[in-house]
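Enquirer: Would you mind keeping the following structure in view while I ask a few things?
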Number of protein chains: 2
Amino acid sequence: MAASAQIKFCNLCGRGVTQKIPPGDNRQRYVCDHCGEIQYQNPKIVTGCIPVWQDRVLLCRRAIEPRYGYWTVPAGFMENGESVQQGAARETMEEACAPVTDVSLYGIYNLPHISQVYMLFRARLESEAGYGVGEESLETALFLEQDIPWDKMAFRVVSAALKRFFIERQTNQFTVEVTDIV
Amino acid sequence: MAASAQIKFCNLCGRGVTQKIPPGDNRQRYVCDHCGEIQYQNPKIVTGCIPVWQDRVLLCRRAIEPRYGYWTVPAGFMENGESVQQGAARETMEEACAPVTDVSLYGIYNLPHISQVYMLFRARLESEAGYGVGEESLETALFLEQDIPWDKMAFRVVSAALKRFFIERQTNQFTVEVTDIV
């Protein structure tokens, strides 16, 4: 996790690092005492989808911590070399074995206390039966709005986005939300 | 830079790392041979503003590489502990000494070849004279559309966003663009 990562040694030369403000910078970084390499730490992007099939959405019950056993949408850390949308689709494939198309931005959520930015997309499931159970899921299922296990959802940000989704779906007028989760 | 970062030693214990696929993962990571710590590398967010004063926008002429001497909007790497909008406003303060308000999402640009995501916002300059020249800028100035030095712009993605801005400004109907820059 970006916010809590410990850095004691230099990635380049293996010697010890010290926290200091490098020349031309204005904040403390871990800097190598030997080779001078600056070990930057930056926020990470979590990217995910609301996979939609007609009037239902695909949810996954988590087989990993945090929030083991609770429901959420497929999402995870964005990887190098991909786009945010590709990352959202990849996570949907990994966690729910579900190919998706029409990946559209739906929300950006700042989580500054853990140095993450959560980017959520709407996406279309390619077929009604086109999903399964990935390694990080206990089960997956398509839910109508009234069947969503609201009291067993893993993350409030996802519950709020799903509620917005079902309201906006009535008129097919989808907005993009940008907000902070503190 | 995220895509090209070299990792030879473990940040936690200083011993050598080897590229391998950790258990439960599906891609090569740098893993410590001694303590097993996984040295993840993830995309970085570059965040910036188009600072607007009435019918003019604030641009900075770069005092740093890449594209030294060329013009762009204030932008830079997002830092831990801030929101994307705070990062965009902070960069505007650092590079153009300009406080901004009303920071609204305007574009998300995937740069998968360098493992960056560029997030661009519109923002309102607090006053007409409320800007200066930050350490990473040679000069800064407010430009009307017809005065923008289009042939001296540092980055095509910024030129494209500014062109879209001036078109959309005519009707005050601003969109959010999500696209790949390859």
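So you can find residues: chains in the structure tokens are A, B, ... in the order shown, residues in each start at 1, and ligands are numbered from 1 in order.
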Would you write out, as JSON lines, a table of all residues in stretch 23-94 of chain A that have an atom no more than 12 Å from an atom of stretch 44-47 of chain B, listing for each the closest atom pair and the distance in Å to one decimal, considering only C-alpha atoms and ordering rows by chain and rising residue number?
Expert:
{"residue": "A:Tyr40", "atom": "CA", "partner": "B:Lys44", "partner_atom": "CA", "distance": 10.6}
{"residue": "A:Gln41", "atom": "CA", "partner": "B:Lys44", "partner_atom": "CA", "distance": 9.5}
{"residue": "A:Asn42", "atom": "CA", "partner": "B:Lys44", "partner_atom": "CA", "distance": 6.7}
{"residue": "A:Pro43", "atom": "CA", "partner": "B:Lys44", "partner_atom": "CA", "distance": 7.0}
{"residue": "A:Lys44", "atom": "CA", "partner": "B:Lys44", "partner_atom": "CA", "distance": 6.9}
{"residue": "A:Ile45", "atom": "CA", "partner": "B:Lys44", "partner_atom": "CA", "distance": 7.9}
{"residue": "A:Val46", "atom": "CA", "partner": "B:Lys44", "partner_atom": "CA", "distance": 11.6}
{"residue": "A:Phe77", "atom": "CA", "partner": "B:Lys44", "partner_atom": "CA", "distance": 11.7}
{"residue": "A:Met78", "atom": "CA", "partner": "B:Lys44", "partner_atom": "CA", "distance": 9.7}
{"residue": "A:Glu79", "atom": "CA", "partner": "B:Lys44", "partner_atom": "CA", "distance": 10.0}
{"residue": "A:Asn80", "atom": "CA", "partner": "B:Lys44", "partner_atom": "CA", "distance": 8.9}
{"residue": "A:Gly81", "atom": "CA", "partner": "B:Lys44", "partner_atom": "CA", "distance": 11.1}
{"residue": "A:Glu82", "atom": "CA", "partner": "B:Lys44", "partner_atom": "CA", "distance": 11.8}
{"residue": "A:Ser83", "atom": "CA", "partner": "B:Lys44", "partner_atom": "CA", "distance": 11.6}
{"residue": "A:Val84", "atom": "CA", "partner": "B:Ile45", "partner_atom": "CA", "distance": 11.0}
Enquirer: So that I can see what lies close to stretch 51-59 of chain B, please list as a list of chain:residue names the residues with an atom at most 7 Å from it, counting only C-alpha atoms and leaving out residues fewer than 4 positions away in the same chain.
Expert: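 Final neighbour list, sorted by chain and number: B:Trp71, B:Thr72, B:Val73, B:Val100, B:Arg122, B:Ala123, B:Arg124, B:Leu125, B:Glu128, B:Thr140, B:Ala141, B:Leu142, B:Phe143, B:Leu144, B:Glu145.
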Enquirer: Name the residues in contact with B:Glu65 at a cut-off of 12 Å, using only C-alpha atoms, excluding same-chain residues fewer than 2 positions from it; report them as a list in words.
Expert: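 These residues fall inside the cut-off: Arg61, Arg62, Ala63, Arg67, Tyr68, Gly69, Tyr70, Trp71, Glu136, Ser137, Leu138 and Ala154 of chain B.
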Enquirer: Please return, as a ChimeraX atom specification, all residues of chain B that DSSP assigns to alpha helix (DSSP H) on the basis of the backbone.
Expert: /B:84-96,156-169
Enquirer: Convert the current residue selection to file output with C-alpha atoms, as a PDB file, in the first residue's frame.
Expert:
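part_23.pdb, freshly written:
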ATOM      1  CA  VAL B  84      -6.238  14.540  -7.510  1.00  0.00           C
ATOM      2  CA  GLN B  85      -7.806  18.026  -7.443  1.00  0.00           C
ATOM      3  CA  GLN B  86      -5.548  19.118  -4.566  1.00  0.00           C
ATOM      4  CA  GLY B  87      -2.575  17.858  -6.557  1.00  0.00           C
ATOM      5  CA  ALA B  88      -3.649  19.841  -9.618  1.00  0.00           C
ATOM      6  CA  ALA B  89      -4.080  22.995  -7.505  1.00  0.00           C
ATOM      7  CA  ARG B  90      -0.729  22.406  -5.741  1.00  0.00           C
ATOM      8  CA  GLU B  91       1.097  22.069  -9.062  1.00  0.00           C
ATOM      9  CA  THR B  92      -0.551  25.304 -10.243  1.00  0.00           C
ATOM     10  CA  MET B  93       0.699  27.028  -7.112  1.00  0.00           C
ATOM     11  CA  GLU B  94       4.210  25.577  -7.468  1.00  0.00           C
ATOM     12  CA  GLU B  95       4.686  26.246 -11.176  1.00  0.00           C
ATOM     13  CA  ALA B  96       2.683  29.463 -11.576  1.00  0.00           C
ATOM     14  CA  ARG B 156       0.233  17.431 -28.010  1.00  0.00           C
ATOM     15  CA  VAL B 157      -2.229  16.156 -25.402  1.00  0.00           C
ATOM     16  CA  VAL B 158      -2.298  19.605 -23.798  1.00  0.00           C
ATOM     17  CA  SER B 159      -2.710  21.371 -27.160  1.00  0.00           C
ATOM     18  CA  ALA B 160      -5.645  19.077 -27.997  1.00  0.00           C
ATOM     19  CA  ALA B 161      -7.288  19.705 -24.620  1.00  0.00           C
ATOM     20  CA  LEU B 162      -6.867  23.481 -24.982  1.00  0.00           C
ATOM     21  CA  LYS B 163      -8.417  23.406 -28.465  1.00  0.00           C
ATOM     22  CA  ARG B 164     -11.368  21.442 -27.087  1.00  0.00           C
ATOM     23  CA  PHE B 165     -11.610  23.884 -24.182  1.00  0.00           C
ATOM     24  CA  PHE B 166     -11.903  26.937 -26.423  1.00  0.00           C
ATOM     25  CA  ILE B 167     -14.525  25.235 -28.608  1.00  0.00           C
ATOM     26  CA  GLU B 168     -16.604  24.104 -25.625  1.00  0.00           C
ATOM     27  CA  ARG B 169     -16.219  27.479 -23.956  1.00  0.00           C
TER      28      ARG B 169
END
Enquirer: Which residues are near B:Ile38? Cut-off 9 Å, only C-alpha atoms, ignore same chain within fewer than 2 positions. Put them as a ChimeraX atom specification.
Expert: /B:10,17,22,29-32,36,40
Enquirer: Write the residues of the selection above to a file with C-alpha atoms, as a PDB file, in the first residue's frame.
Expert:
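Below you can see out15.pdb, which holds the result:
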ATOM      1  CA  CYS B  10      14.839  -4.932  -1.628  1.00  0.00           C
ATOM      2  CA  VAL B  17      15.698  -9.270  -5.816  1.00  0.00           C
ATOM      3  CA  PRO B  22       4.571 -14.633  -6.744  1.00  0.00           C
ATOM      4  CA  ARG B  29       7.349  -8.939  -9.980  1.00  0.00           C
ATOM      5  CA  TYR B  30      10.620  -8.105  -8.324  1.00  0.00           C
ATOM      6  CA  VAL B  31      10.655 -10.361  -5.248  1.00  0.00           C
ATOM      7  CA  CYS B  32      13.280 -10.273  -2.504  1.00  0.00           C
ATOM      8  CA  GLY B  36      10.183 -12.348   0.193  1.00  0.00           C
ATOM      9  CA  TYR B  40       5.331  -3.637  -6.772  1.00  0.00           C
TER      10      TYR B  40
END
Enquirer: Which of these, B:Gly24, B:Gly48, B:Gly134, B:Gly76, has the shortest distance to chain A once you count only C-alpha atoms?
Expert: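 Of B:Gly24, B:Gly48, B:Gly134, B:Gly76, the one nearest chain A is B:Gly24, counting only C-alpha atoms.
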Enquirer: Which residue is closest to A:Met119? Choose from A:Glu139, A:Cys49, A:Pro74, A:Lys8 and count only C-alpha atoms.
Expert: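 Residue with the minimum atom-to-atom distance to A:Met119: A:Cys49.
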Enquirer: Just list as a VMD selection string whatever in chain A DSSP marks as strand (DSSP E).
Expert: chain A and resid 17 to 20 29 to 32 38 to 39 44 to 53 56 to 62 71 to 72 75 to 77 100 to 111 116 to 125 137 to 144 177 to 180
